[in-house]
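Just structure.cif here, mmCIF, C-alpha atoms, pLDDT in the B column; chains and numbers go by the auth columns:
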```
data_upload
loop_
_atom_site.group_PDB
_atom_site.id
_atom_site.type_symbol
_atom_site.label_atom_id
_atom_site.label_comp_id
_atom_site.label_asym_id
_atom_site.label_seq_id
_atom_site.Cartn_x
_atom_site.Cartn_y
_atom_site.Cartn_z
_atom_site.B_iso_or_equiv
_atom_site.auth_seq_id
_atom_site.auth_asym_id
ATOM 1 C CA PHE A 1 -11.083 -11.456 3.977 52.00 1 A
ATOM 2 C CA SER A 2 -12.248 -8.106 2.806 71.00 2 A
ATOM 3 C CA VAL A 3 -11.797 -6.616 -0.622 80.00 3 A
ATOM 4 C CA ASP A 4 -10.463 -3.501 1.123 84.00 4 A
ATOM 5 C CA ASN A 5 -7.474 -5.449 2.464 87.00 5 A
ATOM 6 C CA GLY A 6 -6.707 -6.795 -1.000 84.00 6 A
ATOM 7 C CA ILE A 7 -6.775 -3.292 -2.478 88.00 7 A
ATOM 8 C CA ILE A 8 -4.523 -1.965 0.280 90.00 8 A
ATOM 9 C CA VAL A 9 -2.012 -4.808 -0.202 90.00 9 A
ATOM 10 C CA ASP A 10 -1.941 -4.131 -3.923 88.00 10 A
ATOM 11 C CA ASN A 11 -1.585 -0.347 -3.765 89.00 11 A
ATOM 12 C CA SER A 12 0.342 0.355 -0.559 91.00 12 A
ATOM 13 C CA ARG A 13 3.851 1.832 -0.651 92.00 13 A
ATOM 14 C CA ARG A 14 4.948 -0.230 2.344 95.00 14 A
ATOM 15 C CA TRP A 15 5.066 -4.015 2.576 95.00 15 A
ATOM 16 C CA PRO A 16 1.986 -5.580 4.226 95.00 16 A
ATOM 17 C CA LEU A 17 2.100 -7.241 7.655 95.00 17 A
ATOM 18 C CA MET A 18 -1.134 -9.201 7.861 94.00 18 A
ATOM 19 C CA ILE A 19 -2.724 -10.307 11.135 92.00 19 A
ATOM 20 C CA ASP A 20 -3.951 -13.705 10.021 87.00 20 A
ATOM 21 C CA PRO A 21 -5.039 -16.166 12.752 88.00 21 A
ATOM 22 C CA GLN A 22 -7.207 -18.215 10.358 86.00 22 A
ATOM 23 C CA THR A 23 -4.566 -18.245 7.551 86.00 23 A
ATOM 24 C CA GLN A 24 -6.947 -16.449 5.165 85.00 24 A
ATOM 25 C CA ALA A 25 -4.212 -14.052 4.009 89.00 25 A
ATOM 26 C CA ASN A 26 -1.707 -16.901 3.576 91.00 26 A
ATOM 27 C CA LYS A 27 -4.095 -18.762 1.282 90.00 27 A
ATOM 28 C CA TRP A 28 -4.924 -15.593 -0.640 89.00 28 A
ATOM 29 C CA VAL A 29 -1.268 -14.610 -1.180 93.00 29 A
ATOM 30 C CA LYS A 30 -0.329 -18.164 -2.209 93.00 30 A
ATOM 31 C CA ASN A 31 -3.209 -18.257 -4.685 90.00 31 A
ATOM 32 C CA MET A 32 -2.503 -14.766 -6.041 90.00 32 A
ATOM 33 C CA GLU A 33 1.232 -15.413 -6.523 92.00 33 A
ATOM 34 C CA LYS A 34 1.152 -19.090 -7.554 87.00 34 A
ATOM 35 C CA GLY A 35 2.208 -18.269 -11.119 88.00 35 A
ATOM 36 C CA ASN A 36 5.175 -16.164 -9.953 91.00 36 A
ATOM 37 C CA LYS A 37 7.204 -18.769 -8.007 89.00 37 A
ATOM 38 C CA LEU A 38 6.247 -17.523 -4.535 93.00 38 A
ATOM 39 C CA GLY A 39 8.904 -18.267 -1.911 93.00 39 A
ATOM 40 C CA VAL A 40 7.467 -19.164 1.502 94.00 40 A
ATOM 41 C CA ILE A 41 9.855 -18.683 4.411 94.00 41 A
ATOM 42 C CA LYS A 42 9.801 -18.461 8.214 93.00 42 A
ATOM 43 C CA LEU A 43 12.167 -16.599 10.536 91.00 43 A
ATOM 44 C CA THR A 44 13.050 -20.008 12.019 90.00 44 A
ATOM 45 C CA ASP A 45 14.366 -21.315 8.672 90.00 45 A
ATOM 46 C CA ALA A 46 18.141 -21.668 8.707 88.00 46 A
ATOM 47 C CA ASN A 47 18.593 -20.128 5.235 91.00 47 A
ATOM 48 C CA TYR A 48 15.777 -17.583 5.146 92.00 48 A
ATOM 49 C CA VAL A 49 18.182 -14.651 4.529 92.00 49 A
ATOM 50 C CA ARG A 50 19.669 -16.457 1.516 93.00 50 A
ATOM 51 C CA SER A 51 16.155 -17.130 0.169 93.00 51 A
ATOM 52 C CA LEU A 52 15.308 -13.445 0.602 93.00 52 A
ATOM 53 C CA GLU A 53 18.479 -12.358 -1.197 94.00 53 A
ATOM 54 C CA ASN A 54 17.681 -14.588 -4.167 94.00 54 A
ATOM 55 C CA ALA A 55 14.088 -13.356 -4.342 95.00 55 A
ATOM 56 C CA ILE A 56 15.213 -9.704 -4.214 95.00 56 A
ATOM 57 C CA GLN A 57 17.739 -10.263 -7.016 95.00 57 A
ATOM 58 C CA PHE A 58 15.430 -12.236 -9.290 94.00 58 A
ATOM 59 C CA GLY A 59 12.204 -10.312 -8.560 94.00 59 A
ATOM 60 C CA SER A 60 10.274 -13.186 -6.991 94.00 60 A
ATOM 61 C CA PRO A 61 7.534 -12.661 -4.407 96.00 61 A
ATOM 62 C CA VAL A 62 8.220 -13.838 -0.829 96.00 62 A
ATOM 63 C CA LEU A 63 5.785 -14.708 1.945 95.00 63 A
ATOM 64 C CA LEU A 64 7.304 -14.531 5.441 95.00 64 A
ATOM 65 C CA GLU A 65 4.987 -16.575 7.653 94.00 65 A
ATOM 66 C CA ASN A 66 4.285 -16.678 11.381 91.00 66 A
ATOM 67 C CA VAL A 67 6.292 -13.699 12.601 93.00 67 A
ATOM 68 C CA GLY A 68 6.055 -12.618 16.228 92.00 68 A
ATOM 69 C CA GLU A 69 5.673 -9.141 17.660 91.00 69 A
ATOM 70 C CA GLU A 70 9.273 -8.241 16.849 89.00 70 A
ATOM 71 C CA LEU A 71 10.865 -8.457 13.415 90.00 71 A
ATOM 72 C CA ASP A 72 14.468 -9.412 12.729 90.00 72 A
ATOM 73 C CA ALA A 73 16.734 -6.381 12.304 91.00 73 A
ATOM 74 C CA ILE A 74 18.064 -7.764 9.010 92.00 74 A
ATOM 75 C CA LEU A 75 14.626 -7.080 7.465 94.00 75 A
ATOM 76 C CA GLU A 76 14.859 -3.334 8.104 94.00 76 A
ATOM 77 C CA PRO A 77 16.479 -2.346 4.764 94.00 77 A
ATOM 78 C CA ILE A 78 13.783 -4.349 2.947 95.00 78 A
ATOM 79 C CA LEU A 79 10.933 -2.875 4.970 94.00 79 A
ATOM 80 C CA LEU A 80 12.235 0.667 4.494 94.00 80 A
ATOM 81 C CA LYS A 81 13.101 -0.024 0.831 93.00 81 A
ATOM 82 C CA GLN A 82 16.585 1.410 1.389 93.00 82 A
ATOM 83 C CA THR A 83 17.799 1.053 -2.169 94.00 83 A
ATOM 84 C CA TYR A 84 20.370 3.114 -3.993 93.00 84 A
ATOM 85 C CA LYS A 85 21.427 3.407 -7.617 94.00 85 A
ATOM 86 C CA SER A 86 24.941 2.851 -8.850 92.00 86 A
ATOM 87 C CA GLN A 87 25.719 3.012 -12.573 91.00 87 A
ATOM 88 C CA GLY A 88 22.012 2.816 -13.388 91.00 88 A
ATOM 89 C CA VAL A 89 21.431 -0.367 -11.361 93.00 89 A
ATOM 90 C CA GLU A 90 19.420 -0.417 -8.140 94.00 90 A
ATOM 91 C CA TYR A 91 21.040 -2.084 -5.106 95.00 91 A
ATOM 92 C CA LEU A 92 20.042 -2.969 -1.544 94.00 92 A
ATOM 93 C CA ARG A 93 22.369 -3.611 1.395 93.00 93 A
ATOM 94 C CA LEU A 94 21.086 -6.650 3.305 90.00 94 A
ATOM 95 C CA GLY A 95 23.285 -7.257 6.325 86.00 95 A
ATOM 96 C CA GLU A 96 26.872 -7.521 5.055 88.00 96 A
ATOM 97 C CA ASN A 97 25.855 -8.168 1.447 90.00 97 A
ATOM 98 C CA VAL A 98 25.036 -5.698 -1.297 94.00 98 A
ATOM 99 C CA ILE A 99 22.595 -7.237 -3.756 94.00 99 A
ATOM 100 C CA GLU A 100 20.948 -6.085 -6.944 95.00 100 A
ATOM 101 C CA TYR A 101 17.345 -5.028 -6.301 95.00 101 A
ATOM 102 C CA SER A 102 14.674 -6.092 -8.790 93.00 102 A
ATOM 103 C CA SER A 103 11.626 -3.831 -9.014 91.00 103 A
ATOM 104 C CA ASP A 104 9.483 -6.974 -9.470 93.00 104 A
ATOM 105 C CA PHE A 105 10.247 -8.128 -5.905 95.00 105 A
ATOM 106 C CA ARG A 106 7.203 -8.311 -3.605 95.00 106 A
ATOM 107 C CA PHE A 107 7.237 -9.042 0.138 96.00 107 A
ATOM 108 C CA TYR A 108 4.328 -10.242 2.273 96.00 108 A
ATOM 109 C CA ILE A 109 4.466 -10.842 6.040 96.00 109 A
ATOM 110 C CA THR A 110 1.863 -12.715 8.090 94.00 110 A
ATOM 111 C CA THR A 111 1.407 -13.445 11.770 94.00 111 A
ATOM 112 C CA ARG A 112 -0.872 -16.020 13.378 92.00 112 A
ATOM 113 C CA LEU A 113 -1.140 -13.940 16.567 90.00 113 A
ATOM 114 C CA ARG A 114 -4.737 -12.908 17.275 86.00 114 A
ATOM 115 C CA ASN A 115 -4.007 -9.596 18.983 87.00 115 A
ATOM 116 C CA PRO A 116 -0.386 -8.601 18.432 90.00 116 A
ATOM 117 C CA HIS A 117 1.037 -5.413 19.937 90.00 117 A
ATOM 118 C CA TYR A 118 3.616 -4.073 17.518 91.00 118 A
ATOM 119 C CA LEU A 119 5.924 -1.328 18.680 90.00 119 A
ATOM 120 C CA PRO A 120 5.552 1.981 16.816 91.00 120 A
ATOM 121 C CA GLU A 121 8.997 1.378 15.276 91.00 121 A
ATOM 122 C CA VAL A 122 7.589 -1.722 13.547 91.00 122 A
ATOM 123 C CA ALA A 123 4.184 -0.264 12.726 90.00 123 A
ATOM 124 C CA VAL A 124 5.633 2.674 10.748 93.00 124 A
ATOM 125 C CA LYS A 125 7.715 0.355 8.533 94.00 125 A
ATOM 126 C CA VAL A 126 4.832 -1.858 7.357 95.00 126 A
ATOM 127 C CA THR A 127 1.172 -1.632 6.425 93.00 127 A
ATOM 128 C CA LEU A 128 -0.704 -3.433 9.206 92.00 128 A
ATOM 129 C CA LEU A 129 -3.790 -5.270 7.957 91.00 129 A
ATOM 130 C CA ASN A 130 -6.271 -7.291 9.962 89.00 130 A
ATOM 131 C CA PHE A 131 -7.399 -10.402 8.083 86.00 131 A
ATOM 132 C CA MET A 132 -9.376 -11.841 11.008 80.00 132 A
ATOM 133 C CA ILE A 133 -12.603 -13.196 9.665 75.00 133 A
ATOM 134 C CA THR A 134 -15.768 -11.236 10.435 73.00 134 A
ATOM 135 C CA PRO A 135 -19.267 -12.692 10.738 74.00 135 A
ATOM 136 C CA LEU A 136 -20.216 -11.073 7.417 72.00 136 A
ATOM 137 C CA GLY A 137 -17.071 -12.445 5.736 70.00 137 A
ATOM 138 C CA LEU A 138 -17.808 -15.889 7.132 74.00 138 A
ATOM 139 C CA GLN A 139 -21.383 -15.656 5.857 78.00 139 A
ATOM 140 C CA ASP A 140 -20.148 -14.758 2.356 76.00 140 A
ATOM 141 C CA GLN A 141 -17.664 -17.648 2.374 74.00 141 A
ATOM 142 C CA LEU A 142 -20.256 -20.166 3.552 82.00 142 A
ATOM 143 C CA LEU A 143 -22.772 -18.930 0.997 83.00 143 A
ATOM 144 C CA SER A 144 -20.141 -19.275 -1.720 79.00 144 A
ATOM 145 C CA ILE A 145 -19.314 -22.842 -0.613 81.00 145 A
ATOM 146 C CA VAL A 146 -22.998 -23.856 -0.535 87.00 146 A
ATOM 147 C CA ALA A 147 -23.632 -22.273 -3.944 83.00 147 A
ATOM 148 C CA ALA A 148 -20.570 -24.040 -5.380 82.00 148 A
ATOM 149 C CA LYS A 149 -21.796 -27.403 -4.084 87.00 149 A
ATOM 150 C CA GLU A 150 -25.466 -27.071 -5.034 89.00 150 A
ATOM 151 C CA LYS A 151 -25.183 -25.035 -8.239 87.00 151 A
ATOM 152 C CA PRO A 152 -21.590 -25.047 -9.494 86.00 152 A
ATOM 153 C CA GLU A 153 -22.596 -23.368 -12.765 89.00 153 A
ATOM 154 C CA LEU A 154 -23.854 -20.328 -10.815 86.00 154 A
ATOM 155 C CA GLU A 155 -20.617 -20.120 -8.839 81.00 155 A
ATOM 156 C CA GLU A 156 -18.580 -20.311 -12.067 85.00 156 A
ATOM 157 C CA LYS A 157 -20.759 -17.635 -13.650 88.00 157 A
ATOM 158 C CA LYS A 158 -20.337 -15.396 -10.562 84.00 158 A
ATOM 159 C CA ASN A 159 -16.545 -15.806 -10.655 82.00 159 A
ATOM 160 C CA ALA A 160 -16.492 -15.071 -14.388 87.00 160 A
ATOM 161 C CA LEU A 161 -18.562 -11.920 -13.819 88.00 161 A
ATOM 162 C CA ILE A 162 -16.218 -10.767 -11.048 85.00 162 A
ATOM 163 C CA LEU A 163 -13.197 -11.228 -13.339 86.00 163 A
ATOM 164 C CA GLU A 164 -14.985 -9.495 -16.207 90.00 164 A
ATOM 165 C CA SER A 165 -15.935 -6.596 -13.935 90.00 165 A
ATOM 166 C CA ALA A 166 -12.326 -6.200 -12.769 87.00 166 A
ATOM 167 C CA ALA A 167 -11.089 -6.271 -16.384 90.00 167 A
ATOM 168 C CA ASN A 168 -13.677 -3.673 -17.383 93.00 168 A
ATOM 169 C CA LYS A 169 -12.681 -1.385 -14.500 92.00 169 A
ATOM 170 C CA ARG A 170 -9.015 -1.740 -15.447 90.00 170 A
ATOM 171 C CA GLN A 171 -9.819 -0.964 -19.089 94.00 171 A
ATOM 172 C CA LEU A 172 -11.925 2.055 -18.067 93.00 172 A
ATOM 173 C CA LYS A 173 -9.054 3.376 -15.931 92.00 173 A
ATOM 174 C CA GLU A 174 -6.595 2.944 -18.835 92.00 174 A
ATOM 175 C CA ILE A 175 -8.950 4.783 -21.207 93.00 175 A
ATOM 176 C CA GLU A 176 -9.455 7.586 -18.672 92.00 176 A
ATOM 177 C CA ASP A 177 -5.683 7.909 -18.263 90.00 177 A
ATOM 178 C CA LYS A 178 -5.238 8.122 -22.053 90.00 178 A
ATOM 179 C CA ILE A 179 -7.902 10.789 -22.332 89.00 179 A
ATOM 180 C CA LEU A 180 -6.314 12.851 -19.568 80.00 180 A
#
```
Let me see whether you can do it: turn the structure in this file into structure tokens.
Amino acid sequence: FSVDNGIIVDNSRRWPLMIDPQTQANKWVKNMEKGNKLGVIKLTDANYVRSLENAIQFGSPVLLENVGEELDAILEPILLKQTYKSQGVEYLRLGENVIEYSSDFRFYITTRLRNPHYLPEVAVKVTLLNFMITPLGLQDQLLSIVAAKEKPELEEKKNALILESAANKRQLKEIEDKIL
């Protein structure tokens, strides 16, 4: 997947709906959120609304997998972030229930459809991202796999440099913000 998609997911105001036929986004989200007790649900699960309610209250991330071209109406308050404050506490009405809304809650949606046609009503509520693999992305992945097999120390060094670069950029941004 592209770095651009990762940046958009991280910084977007709306929840991401990722077109993901090769499950690249699923793997990425699961890896990114593995330390935060990621809940993985499907619209076909009998208790998916209950799982969502718990995640919203406790601030856990949720990955809703394999959605179709239409989303369940119960998701609308979540997608639109229709929260309200009462006595200093933020709440969300989900169906019949009013639940406390944790600001740590994160919501990811993926579809395995290759070329979905979402209605404008759906498209304006989410950030649509295409995670279909490109030839260049595939080339980078294959090169990374070959390098990891033949010279694992180089792959480890590359990953360490990427992490160090990200930390340096974050630190630079914090210093710039302090200066300004």
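With only C-alpha atoms as the atoms that count, the residue of A:Arg170, A:Lys85, A:Arg50, A:His117 with the shortest distance to A:Asn97 is A:Arg50.
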Self-check item: Distance in Å - atom CA of A:Leu43 versus atom CA of A:Asn26
Solution: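 Atom-to-atom, atom CA of A:Leu43 to atom CA of A:Asn26, that is 15.5 Å.
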Exercise. Could you check which of A:Pro16, A:Pro61, A:Pro21, A:Gly95 is closest to A:Leu79, using all atoms listed in the file?
Key: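 Once distances to A:Leu79 are computed over all atoms listed in the file, the minimum belongs to A:Pro16.
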Self-check item: Explicit residue set for the PyMOL selection byres ((chain A and resi 62) around 7), as a list in words
Solution: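 Applying the PyMOL selection byres ((chain A and resi 62) around 7) to the structure shown produces Leu38, Gly39, Val40, Ala55, Ser60, Pro61, Leu63, Leu64, Arg106, Phe107 and Tyr108 of chain A.
If you measure from each of A:Val98, A:Val124, A:Leu113, A:Val49 to A:Arg13 using only C-alpha atoms, the closest one turns out to be A:Val124.
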